[in-house]
Structure formats: C-alpha cells, structure tokens
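K.L.:
Questions regarding the structure given below will be posed in turn.
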Amino acid sequence: MCGLTGFFQPGGFQAEEGAAVAEAMARRIAHRGPDDAGVWVDAPAGIALAHRRLSILDLSPAGHQPMVSASGRYVLAFNGELYNHGAWRCELEAAGARWQGASDTETLLAGIETWGLEAALVRTVGMFAFALWDRATASLTLARDRLGEKPLYYGWQRGTLLFGSELRALRAHPAFQAPVDRGALALLLRFGAIPAPCSIHEGVHKLLPGAWVTLSARTPEAAPRRWWDLRQVIETGRAQPFTGTPDEAVDTLERLLGDSVAQQMVADVPLGAFLSGGVDSSTIVSLMQARSSRPVRTFTIGFDDAAHDESQHARAVARHLGTAHTELRLSAREALDVIPSLPAHYCEPLADPSAVPTLLVSRLARSQVTVSLSGDAGDELFGGYRRYLSARALWRPWARMSPAARAAGAGMLRHMQPEAWGGLAMALPPGWRAPARALPALGDRLHKAAGVFEAADSADFYRRVMSQWPDPAALVAGAVEPATLPGDAHWPPPWQRQSDGFVQQMMATDLLAYLPDHVLAKVDRAAMSAGLETRVPLLSPAVVEFAWSLPLHYKLRGGTGKWVLRRVLSRHVPEALFERPKQGFGVPLGSWLRGPLRPWAQALLEPARLAREGYLDRAAIGRKWSEHLSGRHDWGFPLWNVLMFQAWLEQHGPATPRASA
C-alpha cells in the first residue's frame, strides 16, 4: 500500500524544477507511504512520477519506486498489492525473467513486458492503482483495480495532466486551479459521497473501477476504457447460474473465500484484522485463524454508549476463535474530538459518520500491525443491507400502481401523522398491510418514503432510496446534477422488471458505485492516514464471480440476508454469537448535533458564512437546522452531508470568498 502522484506536461520542463514539484506533490501524501520516497523524471518528454512507499513485500531497497522495467521501456508507480504475483513469477521465470528483488511491482512490470498491458491487467488478482510511462510511445497509462479498492484522480490543468492517489497531491502543483464542481456538490448532498467519475473539483476525475486510460501529447483527451466490467460478470452469472445443492454452495464459498484469505495473509510485516463481531468480519477472522499457527491479532473499538457498542460481540467471537484481541473503549467525548479533524484525512468530502470509528480502529490496529484484513463487501455481494429486503417487499405492489396512485400515496405519507397508519393499514390491500404497519417506526424517514413512492422507474427508485436530500441541486447555486449511476444510461438490463431482478439490480449498483465511492474510500483514507494497509478478501475475482452466479434465495432467506455467508461462519462460530439484528458501525449523530457538536455545526452553518461562500441555500439549510435543534425532526444525516462539505471547504477550499449566489 502506497501513494503515487505525478504530472505530464507535453513540451517538457526543466529537470530540477519538475523533480522539485513532483517531490512536493508526494510530500502531501507522505502518510500513505512513510517508509520510502522516490521521484523519476524525463524532462524532455515532460513526465514526472513520484511515489511514497509503505513497505509490505520485499522491505529492501529493491522495492524502491518509481521502478524501471528490465528492458528500460516502462517506468511504474504502483499503489496496492498483487496477490497472485508468486504464481506470475513461476510462469515468467519459465519465459526467461530474472529478478532484482521480491516485490510485486517488479513482477507486474515483467508481466507487462511479457504479455502486454491489457493481458497483464486481466491476469491480476489484487488491489491497485498505477501510473505507467511507456518510453517507446511517450504515453502515460493510468489504471485501477476491478472494484475500486485503490483510488486514482486525474485531470488536465492549464495544459498539464495531474494525477495522484489523493486530491491533495494534485493541489500541490502550481498549475492546479480547479474550482468546486457544483454538480458534484449536489451529488454529495444526495448520496453522502461523490460517485466516480466526478470529483469535488471541476475538470478532475476519479478513474472508474476496472478502467484504464492512455494519454499522450497526440491523444490528450482519450476516454477511459474498461479492462474488466462487473456488468459482464453479472450477466454471465445469471446466464450460467449455480445449480448445486445448498451444502455445495456453502462448500464452494468457504473454499473460494479461504483461498482469498490465504493469499491476502502473505506479508513481510505484522498482519491482523478488524473484528466488529458481525457476520462479515467474523467470517474473515475465522478463516484467517483456521490458516494460522498463531493467534490472529484482531482489533475493535468499543463505545460507552451501549446503543452503539458492538464490542461485546467482537469479544465473544475473538474468545471463541482464540485470537489475540485488542479492544479500545472510548467515551463519546473521545470520539467527538475526532470529528473536526476529518477533513484533514479526507481529500474530498465524505459524509459517513462511521468514518469516526473507522479512523479510530485503524489507529488502534496500526499500533501493532501494518496490514489489516476487513470484511467489507459482504453486504453488497450477499444481500446484507436492509434496503434489499424492503425493496423486495415493496416492488410488486409499487410496480402495479399507476403514477397517479403513487403520487397520491406520497401525499398521504407527507401529511398524515404516523400514529394514523395503524388503522389505515387494515383498509389497504393485503400486500400493503405489513409495510404500512411498519411505517410509523420510520419517523422522519417517512418524508424519504414519500419521495420513493413517486419514483418513475427502478433506477429512480434506487436513487431516491439512497438520497438524503430529495432535490439537492436546488440547494446548490448554479448546480446541474450529473447523471452518474449505472441506471442512468444503458443499465438496468431487462431482468430488473422482476422483483428478484430489481433487488439484484440494487445490489449491482451498490457494488458499482456505493462500495467504491463510499465504503472503500472511507476505509482507504482512514487506514492510510495511519499508515495502515487494508485488504478485502471478499473482493477476490473468484468470490465475486461465484456470488453473482448464486440465485437470490442463497442470499436472502427467512427475512435476513447473507444466508450462504452465515452458513460458512456457522461452521466456525456458534450461531448464538452472530445471529442478531444488524447494528452497523454507527454513532448517535442526531443527539450529538443537538448537544456537544452544536457549537462546531452552528459555526459551519452560520447564515452569513453560507452567503459569503456562495454555494448553498442558507434559507433551506437554516430551516432544517432549526427543526433539528427544536427536536421536531431528526435531520442528522442530511445536515451531516452539508457539514462535511463545509468542514472540507474550510480546510481545502478556495482561499478567496465567493460572491453570494
């Protein structure tokens, strides 16, 4: 795990000046690689590559980057891990390769020289982002792993292409002058994260997962291409579904996931795992412990607030498996102290309150290990989110209703008191009674449910389910919200019209967008701020492909998700230790904003400040803030999206105040 950055300036530059700029860019991401630093420039060609190294494999100087290939043709700055590089080496040695060291960076370069770039990418099993300079063609290729575990930003600024693992590296270049992208800000307010290919800055993009782009002086505006496409994996899985028995499905998943865990446990530094006590992390730790002759080091954060504390569950799983468990208990005050520092760790705003415990558990793990495995992606692959179960129950009656009937239902939700729904439920058709009886428990989320009723189609349904603000572009002066979700273009496929197909479409969209742009971005920035590498065994290509070959009843069954994953875990841990309602890694956001976080939030939402900055509608936000403080409504999550932008703007935004819009 490392950080990379650099720039391409067609026409060339002064060597000393270019090297100094590249070094300054790399210093901005020194937290990603505290062990080593390197710069490589070809001034006449106009290319500068810089790298910060967190040494994981081959701790010797032979792993130094940027690295030049054996033939001298390619120069590579690589961030990530190639888990199957040992198998590559055996094959490449047979083809005549000779090694200077033992790093996977050297292995990747040899694979590119032997097989070609695209063929090498297709063979990869790993997480990565890289910048590859080809001296023969004077071209730069940027590439990213299949599902977006590692980040990569790029964009032209005043005739210079800037790229890097984090935006803060690009901002260090003198050519950088990108203003805030108001459309991307609208996306942030809607989703709590900015979906690729957008970023918070105009003209700067996130490379899509599974994509690569080759740029040169002759092709400066080349479009990214897919070297791997999840949509093809999904269609193949549906066309060739798994036909074995339930026991065979569990056997296959345990074998594939076990192989992935074994691959990802290879490191030349201390290794451990995050353990929340939930299904996903407990499964990963179980498989790790089964393959280790020593107790696996596991880490969890506990909170004094029992309503948001899962540490006792993690403790019980760790005790059963015999791991070397470390638990850090925190008061609310200690957690709160982290919040104002979040923009220092996130190069673009990310509005996920669970970033707080993620940051804290990363610091805890880094005190003992350099690599930590996590259970991320279990929800997206095996149906763990509650919204999948809700969508499955609501789709059939919703799809049969006319637009007029849906609009009428939305109006009722907006204007009726929650307690009235109990009586109304008995007057509804049978298919609607159970969902209607559950509506009072939604509280302020009834407003969101009302918006979902008005969805025009399945893609719009998903967008509204995921939205915190129903019309965020109206809150941002001059914003036009970009169409970024897969459902906005040539997605969804025809099978979304069936209820089970619609649920799988939601899962696919989460895997394409929510996982990389929200979940994986949160974990990457939190872990790398502490100099910790995180690995995600559930994102092995073999596991992903198998998951999408499984019929939905292997995932959603008996009112719960992740059925097949739970069965794998039950072979290692008693069900009593993990069969409980999903809790999540959350914080009491609403009460914190009314209490100890109120002065911090009040300063960021001050009307004169919003007017001076000129981005957000101060009247609309002021109404939400007043209603939240009064206790009439809980607008914690919509306000958090605004607050994370405001806090980011204070640290990273333009120094010159904007005119009021």
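Each chain in the structure tokens gets a letter, A, B and so on, in the order shown; residues start at 1 in every chain, and ligands are counted from 1 in the order they appear.
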Need to verify the contact set: segment 602-619 of chain A, 12 Å, only C-alpha atoms, exclusion of same-chain residues closer than 4 positions in sequence. Can you return it as a ChimeraX atom specification?

P.N.:
/A:179-186,189,340,472-479,593-598,623-626,628-629,639-651,653-661

K.L.:
Next, dump the selected residues to file, keeping only N, CA and C atoms, as a compact mmCIF listing (two decimals), in the first residue's frame.

P.N.:
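Produced file part-v1.txt, reproduced below:
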```
# COMPACT_ATOMS: atom_id res chain seq x y z
N PRO A 179 -11.87 24.89 -9.55
CA PRO A 179 -12.85 25.30 -8.53
C PRO A 179 -13.72 24.13 -8.10
N VAL A 180 -14.55 24.37 -7.12
CA VAL A 180 -15.52 23.36 -6.69
C VAL A 180 -16.50 23.07 -7.82
N ASP A 181 -16.73 21.80 -8.07
CA ASP A 181 -17.72 21.38 -9.06
C ASP A 181 -19.09 21.35 -8.37
N ARG A 182 -19.96 22.27 -8.75
CA ARG A 182 -21.24 22.41 -8.06
C ARG A 182 -22.17 21.22 -8.33
N GLY A 183 -22.04 20.62 -9.50
CA GLY A 183 -22.82 19.41 -9.75
C GLY A 183 -22.38 18.27 -8.85
N ALA A 184 -21.06 18.14 -8.66
CA ALA A 184 -20.55 17.11 -7.75
C ALA A 184 -20.99 17.39 -6.32
N LEU A 185 -21.07 18.66 -5.95
CA LEU A 185 -21.56 19.01 -4.62
C LEU A 185 -23.00 18.56 -4.44
N ALA A 186 -23.83 18.70 -5.48
CA ALA A 186 -25.21 18.22 -5.41
C ALA A 186 -25.23 16.70 -5.20
N LEU A 189 -24.52 15.96 -1.56
CA LEU A 189 -25.67 16.18 -0.70
C LEU A 189 -26.69 15.05 -0.84
N PRO A 340 -13.85 17.17 14.09
CA PRO A 340 -13.32 18.35 13.40
C PRO A 340 -12.07 18.07 12.57
N PRO A 472 -31.21 17.92 -4.29
CA PRO A 472 -30.02 18.64 -3.83
C PRO A 472 -29.56 19.74 -4.76
N ALA A 473 -29.82 19.61 -6.06
CA ALA A 473 -29.38 20.67 -6.98
C ALA A 473 -30.06 22.00 -6.66
N ALA A 474 -31.26 21.94 -6.07
CA ALA A 474 -31.94 23.17 -5.69
C ALA A 474 -31.26 23.87 -4.52
N LEU A 475 -30.44 23.15 -3.77
CA LEU A 475 -29.72 23.73 -2.64
C LEU A 475 -28.39 24.35 -3.03
N VAL A 476 -27.89 24.01 -4.23
CA VAL A 476 -26.56 24.45 -4.65
C VAL A 476 -26.71 25.46 -5.77
N ALA A 477 -26.24 26.66 -5.53
CA ALA A 477 -26.37 27.73 -6.53
C ALA A 477 -25.67 27.34 -7.82
N GLY A 478 -26.40 27.39 -8.94
CA GLY A 478 -25.82 27.13 -10.24
C GLY A 478 -25.52 25.68 -10.54
N ALA A 479 -26.10 24.74 -9.78
CA ALA A 479 -25.76 23.33 -9.96
C ALA A 479 -26.69 22.63 -10.93
N LEU A 593 -25.41 16.33 17.37
CA LEU A 593 -25.55 17.65 16.74
C LEU A 593 -26.38 18.60 17.60
N ARG A 594 -27.31 18.07 18.37
CA ARG A 594 -28.06 18.94 19.29
C ARG A 594 -27.27 19.25 20.56
N GLY A 595 -26.26 18.43 20.85
CA GLY A 595 -25.53 18.57 22.11
C GLY A 595 -24.10 19.02 21.90
N PRO A 596 -23.12 18.12 22.11
CA PRO A 596 -21.72 18.55 22.12
C PRO A 596 -21.18 19.06 20.80
N LEU A 597 -21.76 18.64 19.66
CA LEU A 597 -21.29 19.13 18.36
C LEU A 597 -21.99 20.41 17.92
N ARG A 598 -22.93 20.89 18.69
CA ARG A 598 -23.72 22.04 18.25
C ARG A 598 -22.86 23.29 17.98
N ARG A 623 -33.62 26.25 7.80
CA ARG A 623 -34.88 25.64 8.25
C ARG A 623 -34.64 24.23 8.79
N LYS A 624 -33.86 23.45 8.07
CA LYS A 624 -33.56 22.09 8.53
C LYS A 624 -32.83 22.13 9.88
N TRP A 625 -31.87 23.02 10.02
CA TRP A 625 -31.09 23.12 11.25
C TRP A 625 -31.99 23.53 12.42
N SER A 626 -32.88 24.47 12.20
CA SER A 626 -33.80 24.91 13.27
C SER A 626 -34.74 23.78 13.68
N HIS A 628 -34.19 20.63 13.40
CA HIS A 628 -33.41 19.60 14.09
C HIS A 628 -33.14 20.01 15.54
N LEU A 629 -32.72 21.26 15.74
CA LEU A 629 -32.41 21.71 17.10
C LEU A 629 -33.65 21.71 17.99
N LEU A 639 -28.12 16.93 7.31
CA LEU A 639 -27.26 18.01 7.76
C LEU A 639 -25.80 17.59 7.78
N TRP A 640 -25.54 16.32 8.06
CA TRP A 640 -24.16 15.84 8.07
C TRP A 640 -23.51 15.98 6.70
N ASN A 641 -24.28 15.72 5.64
CA ASN A 641 -23.76 15.90 4.29
C ASN A 641 -23.32 17.34 4.06
N VAL A 642 -24.13 18.29 4.53
CA VAL A 642 -23.78 19.70 4.40
C VAL A 642 -22.56 20.03 5.26
N LEU A 643 -22.54 19.54 6.48
CA LEU A 643 -21.46 19.86 7.40
C LEU A 643 -20.12 19.32 6.91
N MET A 644 -20.12 18.15 6.30
CA MET A 644 -18.86 17.60 5.81
C MET A 644 -18.32 18.42 4.63
N PHE A 645 -19.21 18.98 3.81
CA PHE A 645 -18.72 19.89 2.77
C PHE A 645 -18.19 21.17 3.39
N GLN A 646 -18.91 21.71 4.34
CA GLN A 646 -18.48 22.96 4.96
C GLN A 646 -17.14 22.79 5.67
N ALA A 647 -16.97 21.68 6.36
CA ALA A 647 -15.70 21.44 7.05
C ALA A 647 -14.57 21.22 6.05
N TRP A 648 -14.87 20.51 4.95
CA TRP A 648 -13.87 20.32 3.90
C TRP A 648 -13.51 21.66 3.27
N LEU A 649 -14.51 22.48 2.98
CA LEU A 649 -14.27 23.77 2.34
C LEU A 649 -13.38 24.65 3.22
N GLU A 650 -13.60 24.59 4.51
CA GLU A 650 -12.80 25.39 5.44
C GLU A 650 -11.32 25.02 5.35
N GLN A 651 -11.02 23.73 5.13
CA GLN A 651 -9.63 23.29 5.09
C GLN A 651 -9.05 23.25 3.70
N GLY A 653 -10.82 24.29 0.60
CA GLY A 653 -11.50 25.05 -0.44
C GLY A 653 -10.77 26.32 -0.84
N PRO A 654 -11.37 27.09 -1.77
CA PRO A 654 -10.74 28.32 -2.24
C PRO A 654 -10.47 29.29 -1.11
N ALA A 655 -9.31 29.94 -1.16
CA ALA A 655 -8.96 30.90 -0.12
C ALA A 655 -9.76 32.18 -0.25
N THR A 656 -10.14 32.53 -1.48
CA THR A 656 -10.88 33.77 -1.71
C THR A 656 -12.36 33.51 -1.58
N PRO A 657 -13.09 34.25 -0.72
CA PRO A 657 -14.54 34.02 -0.58
C PRO A 657 -15.26 34.24 -1.89
N ARG A 658 -16.29 33.45 -2.12
CA ARG A 658 -17.12 33.57 -3.32
C ARG A 658 -18.18 34.63 -3.13
N ALA A 659 -18.62 35.20 -4.23
CA ALA A 659 -19.74 36.12 -4.15
C ALA A 659 -21.00 35.36 -3.81
N SER A 660 -21.90 35.99 -3.09
CA SER A 660 -23.16 35.33 -2.73
C SER A 660 -23.98 35.07 -3.97
N ALA A 661 -24.52 33.86 -4.04
CA ALA A 661 -25.31 33.47 -5.22
C ALA A 661 -26.76 33.86 -5.03
```

K.L.:
I'd like to know which residues of segment 319-386 of chain A are alpha helix (DSSP H) (by DSSP, run on the backbone); could you write them as a ChimeraX atom specification?

P.N.:
/A:319-321,332-336,342-345,355-366,378-382,386

K.L.:
Nearest to Leu57 of chain A: which of A:Gly302, A:Gly86, A:Gly159, A:Gly12 is it, counting only C-alpha atoms?

P.N.:
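Among the listed residues, the smallest separation from Leu57 of chain A belongs to A:Gly86.
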
K.L.:
Name the closest residue to Gly501 of chain A among the candidates A:Ser286, A:Val519, A:Ala620, A:Pro551; distances are taken between atoms, counting only C-alpha atoms.

P.N.:
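Looking only at the distances to Gly501 of chain A, the closest residue turns out to be A:Pro551.
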
K.L.:
Please provide the set of residues having any atom within 12 Å of Arg333 of chain A, restricted to only C-alpha atoms, with same-chain residues fewer than 3 positions apart removed, written as number ranges by chain.

P.N.:
A: 303-305, 329-330, 336-339, 592, 595-597

K.L.:
List the neighbours of Gly155 of chain A out to 9 Å using only C-alpha atoms; skip same-chain residues closer than 4 positions along the sequence, and give me the result as a count of residues only.

P.N.:
10

K.L.:
Could you please determine the separation between atom CA of Thr560 of chain A and atom CA of His572 of chain A in Å, to one decimal place?

P.N.:
19.8 Å

K.L.:
Got a sec: who's within 9 Å of Glu348 of chain A, counting only C-alpha atoms, leaving out chain neighbours fewer than 5 positions off, as number ranges by chain?

P.N.:
A: 166-168, 193-194, 199-201, 343, 645, 648, 652

K.L.:
When you draw a straight line from atom CA of Gly210 of chain A to atom CA of Gln177 of chain A, how long is it in Å?

P.N.:
28.3 Å

K.L.:
Would you mind listing what lies within 12 Å of Pro295 of chain A as a PyMOL selection string, with only C-alpha atoms counted and same-chain residues fewer than 4 positions away left out?

P.N.:
chain A and resi 271-273+285-286+288-291+318-326

K.L.:
Using only C-alpha atoms, please write the residues we just selected to a file, as an mmCIF file, in the first residue's frame.

P.N.:
```cif
data_model
loop_
_atom_site.group_PDB
_atom_site.id
_atom_site.type_symbol
_atom_site.label_atom_id
_atom_site.label_comp_id
_atom_site.auth_asym_id
_atom_site.auth_seq_id
_atom_site.Cartn_x
_atom_site.Cartn_y
_atom_site.Cartn_z
ATOM 1 C CA LEU A 271 -0.750 -8.595 9.959
ATOM 2 C CA GLY A 272 -4.138 -8.625 11.709
ATOM 3 C CA ALA A 273 -7.837 -7.970 11.100
ATOM 4 C CA VAL A 285 -11.216 -13.783 11.022
ATOM 5 C CA SER A 286 -12.488 -17.377 11.316
ATOM 6 C CA MET A 288 -7.663 -16.479 8.970
ATOM 7 C CA GLN A 289 -7.403 -18.273 12.300
ATOM 8 C CA ALA A 290 -8.007 -21.632 10.608
ATOM 9 C CA ARG A 291 -4.928 -20.936 8.457
ATOM 10 C CA ALA A 318 -12.465 -13.495 19.486
ATOM 11 C CA ARG A 319 -12.633 -15.588 22.657
ATOM 12 C CA HIS A 320 -14.217 -18.497 20.785
ATOM 13 C CA LEU A 321 -11.645 -18.394 17.973
ATOM 14 C CA GLY A 322 -8.700 -17.770 20.275
ATOM 15 C CA THR A 323 -7.448 -14.589 18.604
ATOM 16 C CA ALA A 324 -5.092 -12.086 20.232
ATOM 17 C CA HIS A 325 -7.785 -9.469 20.657
ATOM 18 C CA THR A 326 -7.280 -5.768 21.374
#
```

K.L.:
Using only C-alpha atoms, which protein or nucleic acid residues come within 12 Å of Ala455 of chain A? Drop anything in the same chain fewer than 3 positions from it, and give the result as a ChimeraX atom specification.

P.N.:
/A:395,398-399,401-407,409-410,448-452,458-465,470

K.L.:
Can you list, as an MDAnalysis selection string, every residue of segment 139-249 of chain A that DSSP puts in strand (DSSP E or B)?

P.N.:
chainID A and resid 139:144 153:157 160:164 180 201 205:206 211:216 225:226
